[in-house]
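Engineer: Data: coords-v5.cif, mmCIF, C-alpha atoms and all ligand atoms.
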data_work
loop_
_atom_site.label_atom_id
_atom_site.label_comp_id
_atom_site.auth_asym_id
_atom_site.auth_seq_id
_atom_site.Cartn_x
_atom_site.Cartn_y
_atom_site.Cartn_z
CA MET A 1 -132.17 22.03 126.88
CA THR A 2 -129.29 21.10 124.63
CA ALA A 3 -127.00 23.78 123.24
CA ALA A 4 -124.35 23.31 120.60
CA LEU A 5 -121.55 25.41 119.20
CA LEU A 6 -119.33 25.04 116.17
CA GLN A 7 -115.61 25.84 116.16
CA PHE A 8 -114.00 25.79 112.70
CA ASP A 9 -111.75 27.66 110.28
CA PRO A 10 -113.77 29.76 107.80
CA ALA A 11 -112.23 30.53 104.41
CA TYR A 12 -111.70 34.26 103.77
CA LEU A 13 -114.57 35.85 101.75
CA ASP A 14 -115.91 32.45 100.60
CA VAL A 15 -119.43 32.91 101.95
CA ALA A 16 -121.06 30.20 99.81
CA GLY A 17 -118.29 27.71 100.54
CA ASN A 18 -118.37 28.42 104.28
CA LEU A 19 -122.15 28.02 104.41
CA ASP A 20 -121.87 24.63 102.69
CA ARG A 21 -119.10 23.61 105.05
CA VAL A 22 -121.06 24.61 108.16
CA GLU A 23 -124.11 22.75 106.90
CA ALA A 24 -122.00 19.60 106.54
CA LEU A 25 -120.34 20.05 109.95
CA LEU A 26 -123.70 20.49 111.64
CA ASP A 27 -125.28 17.48 109.95
CA GLY A 28 -126.91 15.33 112.64
CA VAL A 29 -126.45 17.86 115.45
CA ASP A 30 -129.45 17.63 117.74
CA ALA A 31 -129.85 20.85 119.73
CA ASP A 32 -132.28 23.55 120.80
CA LEU A 33 -129.73 26.32 120.34
CA VAL A 34 -126.73 26.45 118.01
CA VAL A 35 -124.11 29.20 118.35
CA LEU A 36 -121.69 29.94 115.49
CA PRO A 37 -118.61 32.19 115.56
CA GLU A 38 -118.40 35.92 114.80
CA LEU A 39 -118.34 36.65 111.02
CA PHE A 40 -118.59 32.89 110.54
CA ALA A 41 -119.24 32.85 106.80
CA SER A 42 -117.22 35.87 105.64
CA GLY A 43 -113.88 35.66 107.44
CA TYR A 44 -112.68 38.32 109.85
CA PHE A 45 -109.54 40.32 109.08
CA PHE A 46 -110.68 42.35 106.06
CA ARG A 47 -107.85 43.42 103.80
CA SER A 48 -109.74 46.44 102.49
CA LEU A 49 -113.00 48.29 102.80
CA ASP A 50 -113.94 46.82 99.43
CA ASP A 51 -113.48 43.31 100.82
CA ALA A 52 -115.71 44.12 103.79
CA ALA A 53 -118.29 45.74 101.52
CA SER A 54 -118.30 42.73 99.20
CA VAL A 55 -119.62 40.44 101.95
CA ALA A 56 -121.77 42.82 104.02
CA GLU A 57 -125.39 41.80 103.69
CA PRO A 58 -128.78 42.94 104.95
CA ILE A 59 -130.62 41.10 107.70
CA PRO A 60 -132.83 39.15 107.06
CA ASP A 61 -132.63 39.42 103.27
CA GLY A 62 -129.03 38.32 102.77
CA PRO A 63 -127.71 34.87 101.87
CA THR A 64 -126.32 34.10 105.33
CA THR A 65 -129.51 34.82 107.25
CA GLN A 66 -131.58 33.02 104.62
CA ARG A 67 -129.42 29.91 104.98
CA LEU A 68 -129.67 30.12 108.76
CA GLN A 69 -133.45 30.29 108.40
CA GLN A 70 -133.37 27.06 106.37
CA TRP A 71 -131.25 25.33 109.02
CA ALA A 72 -133.44 26.57 111.87
CA ALA A 73 -136.65 25.47 110.14
CA ALA A 74 -135.24 22.04 109.29
CA SER A 75 -133.75 21.32 112.72
CA GLY A 76 -136.05 23.15 115.13
CA ALA A 77 -132.98 24.85 116.65
CA THR A 78 -132.57 28.57 117.25
CA PHE A 79 -129.32 29.85 115.73
CA VAL A 80 -127.06 32.70 116.81
CA ALA A 81 -124.38 33.58 114.27
CA GLY A 82 -122.08 36.47 113.42
CA LEU A 83 -122.08 38.26 110.07
CA PRO A 84 -121.10 41.61 108.53
CA GLU A 85 -124.39 43.50 108.30
CA LEU A 86 -125.29 46.16 105.77
CA GLY A 87 -127.79 48.24 107.70
CA ASP A 88 -130.80 50.08 106.28
CA ASP A 89 -128.88 53.26 107.10
CA GLY A 90 -126.06 52.28 104.71
CA GLU A 91 -123.65 51.62 107.60
CA ARG A 92 -121.84 48.34 108.06
CA TYR A 93 -122.01 46.60 111.44
CA ASN A 94 -120.31 43.60 112.98
CA SER A 95 -123.57 41.88 113.91
CA ALA A 96 -125.00 38.67 115.26
CA VAL A 97 -128.37 37.44 114.11
CA VAL A 98 -130.75 35.30 116.13
CA VAL A 99 -132.80 33.06 113.86
CA ARG A 100 -135.73 31.12 115.28
CA PRO A 101 -137.24 27.99 113.70
CA ASP A 102 -140.29 30.03 112.58
CA GLY A 103 -137.94 32.24 110.52
CA SER A 104 -138.18 35.30 112.74
CA THR A 105 -134.91 37.13 113.40
CA GLU A 106 -133.33 39.56 115.86
CA THR A 107 -130.15 41.55 115.48
CA TYR A 108 -127.37 42.54 117.86
CA ARG A 109 -124.70 44.96 116.60
CA LYS A 110 -121.31 44.66 118.30
CA VAL A 111 -120.86 47.47 120.80
CA HIS A 112 -117.12 47.15 121.54
CA LEU A 113 -115.28 47.06 118.23
CA PHE A 114 -111.84 45.42 118.31
CA TYR A 115 -108.76 46.78 116.54
CA ARG A 116 -109.20 47.03 112.73
CA GLU A 117 -112.94 46.40 112.94
CA LYS A 118 -113.09 50.16 113.49
CA ASP A 119 -111.98 50.59 109.86
CA TRP A 120 -115.04 48.91 108.38
CA ALA A 121 -117.81 48.74 110.99
CA ALA A 122 -119.83 51.36 112.82
CA PRO A 123 -120.19 50.86 116.60
CA GLY A 124 -123.34 48.96 117.50
CA ASP A 125 -126.28 51.27 118.09
CA LEU A 126 -128.87 48.82 119.40
CA GLY A 127 -127.47 48.27 122.89
CA PHE A 128 -127.38 44.90 124.62
CA ARG A 129 -130.48 42.92 123.82
CA VAL A 130 -132.21 39.90 125.31
CA PHE A 131 -134.59 37.93 123.12
CA ASP A 132 -137.34 35.38 123.72
CA ALA A 133 -136.50 31.88 122.58
CA THR A 134 -138.10 28.47 123.00
CA THR A 135 -136.69 24.97 123.19
CA ARG A 136 -138.06 22.30 120.88
CA ASP A 137 -140.27 21.01 123.71
CA GLY A 138 -141.77 24.46 124.21
CA THR A 139 -139.83 25.72 127.24
CA PRO A 140 -139.38 29.50 126.95
CA TYR A 141 -136.05 31.05 127.89
CA ARG A 142 -134.31 34.39 127.46
CA LEU A 143 -131.34 34.64 125.15
CA GLY A 144 -128.74 37.40 125.43
CA VAL A 145 -126.21 38.03 122.67
CA MET A 146 -122.75 39.55 122.70
CA ILE A 147 -119.82 39.35 120.30
CA CYS A 148 -116.20 38.52 121.03
CA PHE A 149 -114.39 41.59 122.50
CA ASP A 150 -117.56 42.46 124.44
CA TRP A 151 -116.29 39.86 126.96
CA TYR A 152 -113.60 42.31 128.09
CA PHE A 153 -116.27 44.70 129.36
CA PRO A 154 -118.09 43.10 132.31
CA GLU A 155 -120.90 45.58 131.75
CA ALA A 156 -121.91 43.65 128.63
CA ALA A 157 -122.70 40.33 130.30
CA ARG A 158 -124.06 42.20 133.32
CA SER A 159 -126.48 44.23 131.19
CA LEU A 160 -127.73 41.03 129.59
CA ALA A 161 -128.10 39.18 132.88
CA LEU A 162 -129.91 42.11 134.53
CA GLN A 163 -132.34 42.08 131.61
CA GLY A 164 -133.10 38.46 132.43
CA ALA A 165 -130.85 36.50 130.08
CA ASP A 166 -130.81 32.81 131.00
CA VAL A 167 -128.20 32.03 128.37
CA ILE A 168 -125.63 34.35 126.77
CA ALA A 169 -124.59 33.40 123.23
CA HIS A 170 -121.10 34.79 122.57
CA SER A 171 -120.10 34.57 118.91
CA SER A 172 -116.34 35.12 118.76
CA ASN A 173 -113.17 35.37 116.71
CA LEU A 174 -110.83 35.55 119.68
CA VAL A 175 -107.22 36.51 119.28
CA ARG A 176 -106.34 37.56 122.84
CA LYS A 177 -105.53 34.70 125.15
CA ASP A 178 -107.46 35.71 128.23
CA CYS A 179 -111.05 35.16 127.21
CA PRO A 180 -111.32 31.39 127.75
CA ARG A 181 -110.33 31.78 131.42
CA SER A 182 -112.51 34.86 131.84
CA MET A 183 -115.80 33.48 130.57
CA PRO A 184 -116.27 31.20 133.60
CA ILE A 185 -116.07 34.36 135.69
CA ARG A 186 -118.61 36.20 133.51
CA ALA A 187 -120.90 33.17 134.00
CA LEU A 188 -120.29 32.99 137.75
CA GLU A 189 -120.64 36.68 138.55
CA ASN A 190 -123.94 36.84 136.66
CA HIS A 191 -125.13 33.28 137.36
CA VAL A 192 -125.87 32.67 133.72
CA VAL A 193 -124.95 30.08 131.09
CA THR A 194 -122.41 31.41 128.57
CA ILE A 195 -121.66 29.86 125.17
CA THR A 196 -118.48 31.16 123.50
CA ALA A 197 -118.21 29.88 119.90
CA ASN A 198 -114.78 30.80 118.60
CA ARG A 199 -112.95 30.13 115.34
CA ILE A 200 -109.54 28.67 114.61
CA GLY A 201 -106.94 29.32 111.90
CA THR A 202 -105.11 32.47 110.80
CA GLU A 203 -105.81 35.48 108.57
CA SER A 204 -103.33 38.07 107.33
CA VAL A 205 -103.34 41.63 106.09
CA GLY A 206 -99.98 42.41 104.51
CA ASP A 207 -97.35 41.04 106.88
CA GLU A 208 -99.67 41.10 109.92
CA THR A 209 -101.22 37.77 110.87
CA LEU A 210 -103.97 37.16 113.41
CA THR A 211 -104.13 33.70 114.97
CA PHE A 212 -107.54 32.71 116.28
CA ILE A 213 -107.25 30.78 119.53
CA GLY A 214 -110.11 28.26 119.50
CA GLN A 215 -110.87 27.06 123.04
CA SER A 216 -114.60 27.54 122.60
CA VAL A 217 -116.35 26.99 125.88
CA ILE A 218 -119.79 26.52 127.44
CA CYS A 219 -119.93 27.62 131.10
CA SER A 220 -122.49 26.78 133.76
CA PRO A 221 -124.03 29.46 136.01
CA GLU A 222 -121.69 28.19 138.73
CA GLY A 223 -118.75 29.23 136.56
CA HIS A 224 -117.63 25.78 135.46
CA PRO A 225 -116.68 24.97 131.87
CA ILE A 226 -119.08 22.14 130.97
CA ALA A 227 -117.82 21.68 127.39
CA SER A 228 -114.59 22.98 125.91
CA ALA A 229 -112.59 22.63 122.71
CA GLY A 230 -108.87 22.70 121.97
CA ARG A 231 -106.88 25.47 120.31
CA GLU A 232 -106.75 24.10 116.79
CA GLU A 233 -109.46 21.50 116.36
CA THR A 234 -112.64 21.71 114.34
CA ALA A 235 -115.30 20.77 116.87
CA VAL A 236 -118.99 20.66 117.59
CA LEU A 237 -119.56 20.93 121.35
CA THR A 238 -122.87 20.20 123.03
CA ALA A 239 -124.04 20.62 126.61
CA GLU A 240 -127.30 20.02 128.41
CA PHE A 241 -128.60 22.30 131.12
CA ASP A 242 -131.79 23.69 132.61
CA PRO A 243 -132.04 27.26 131.27
CA HIS A 244 -134.14 28.33 134.25
CA ALA A 245 -131.43 27.28 136.74
CA SER A 246 -129.80 30.63 135.92
CA ARG A 247 -132.67 32.36 137.70
CA GLU A 248 -131.82 30.98 141.14
CA ARG A 249 -129.59 33.78 142.34
CA GLN A 250 -130.25 33.45 146.06
CA LEU A 251 -126.71 33.00 147.43
CA THR A 252 -127.53 32.62 151.13
CA ALA A 253 -130.72 33.06 153.13
CA THR A 254 -129.96 36.80 153.18
CA ASN A 255 -128.04 37.36 149.93
CA HIS A 256 -129.35 37.64 146.40
CA LEU A 257 -126.82 38.19 143.62
CA PHE A 258 -128.85 40.95 142.03
CA GLY A 259 -130.98 42.00 145.00
CA ASP A 260 -127.82 42.87 146.94
CA ARG A 261 -126.42 45.12 144.24
CA ARG A 262 -125.97 48.73 145.38
CA PRO A 263 -126.09 50.78 142.17
CA GLU A 264 -126.33 53.98 144.20
CA VAL A 265 -122.77 53.48 145.50
CA TYR A 266 -121.28 52.35 142.19
CA THR A 267 -120.23 55.86 141.29
CA LEU A 268 -117.01 57.37 140.05
CA GLY A 269 -116.46 59.37 143.22
CA GLY A 270 -116.26 62.66 141.35
CA TYR A 271 -114.01 61.40 138.57
CA SER A 272 -115.21 61.46 135.00
CA GLU A 273 -115.08 58.32 132.85
CA THR A 274 -112.26 59.79 130.75
CA GLN A 275 -110.18 61.38 133.51
CA ARG A 276 -107.98 58.32 134.09
CA LEU A 277 -107.44 57.30 130.45
C1 LIG B 1 -112.57 40.23 118.53
O1 LIG B 1 -113.36 40.98 119.10
N1 LIG B 1 -112.89 39.63 117.40
C2 LIG B 1 -111.24 39.98 119.08
#
Kindly return the structure encoded in the file as structure tokens.
Ligand code: ACM

Structural biologist:
Amino acid sequence: MTAALLQFDPAYLDVAGNLDRVEALLDGVDADLVVLPELFASGYFFRSLDDAASVAEPIPDGPTTQRLQQWAAASGATFVAGLPELGDDGERYNSAVVVRPDGSTETYRKVHLFYREKDWAAPGDLGFRVFDATTRDGTPYRLGVMICFDWYFPEAARSLALQGADVIAHSSNLVRKDCPRSMPIRALENHVVTITANRIGTESVGDETLTFIGQSVICSPEGHPIASAGREETAVLTAEFDPHASRERQLTATNHLFGDRRPEVYTLGGYSETQRL
């Protein structure tokens, strides 16, 4: 299959303008799966709750998901993209939507909220989810989704891989420098393809500025970056791989990456989770 990601600099709160820009940037991209950054059409560093509320939208009946549905139907690609979700429960979530070419959608709500996201978003309540997807030639594969800061918690990628993810789509707005060198490890330790679509540019609240670090990367199950972008460039990256290669987790004749796990000994030895904080 062919996977693509887009790295670019969204304009703050300009949802319509960002959607037009992404459509132009993706023109001619030929892929089975396209991964876009976290909050790709809204911007990230909300200056107020009102700003966040002004762009939060329901899934699937909001403008961002509807546009993704048009792109998926026209191209045959499945899309994964981040957006601020207004849930049925009235809560806002930092979410990623999976949009298939037939228009069907799935939602992941970010579990590990980063920094000021806690001011506007509720913690994700849907857990880590793996979804069925199909390439344009009809090959089924399993698609896991996580968002940005989730990378810091190895349990996120592990949960997805143990549920059978062949590919992990990782929509991001990275500001900490360590993720690009960590994703190859997440791929290696789970033997899974990872696709980190990050943004570039800066956003400010008052005198505080966040700089987004680019360096989007697609990693093979062997833990090698197979496509990577620079820190500041607008880029579409593509990579080809066999999604089912992730499933071959036999390490030696007697070792299986998951079969050799020993969950019964992965305990806290009498300590509680919070005791060492
Ligand atoms: C992040 O989770 N957007 C850093």

Engineer: Anything within 12 Å of (-122.3, 39.0, 107.4): list those residues as an MDAnalysis selection string, counting all atoms listed in the file and sticking to the file's coordinates.

Structural biologist: chainID A and resid 13:16 18:19 37:44 51:68 81:87 92:97 107 109 121

Engineer: Could you check the closest approach to ligand LIG 1 (chain B) for each of A:Gly164, A:Gly17, A:Gly214, A:Gly76 and tell me which residue wins, using only C-alpha atoms and all ligand atoms?

Structural biologist: A:Gly214

Engineer: Figure out the distance between atom CA of A:Pro154 and atom CA of A:Ile213, please, to one decimal in Å.

Structural biologist: 20.8 Å

Engineer: Interatomic distance between atom CA of A:Arg231 and atom CA of A:Thr196?

Structural biologist: 13.3 Å

Engineer: Mind listing the residues within 7 Å of ligand LIG 1 (chain B), only C-alpha atoms and all ligand atoms counted, as a list in words?

Structural biologist: Leu113, Phe114, Ile147, Cys148, Phe149, Asp150, Ser172, Asn173, Leu174, Val175 and Arg176 of chain A
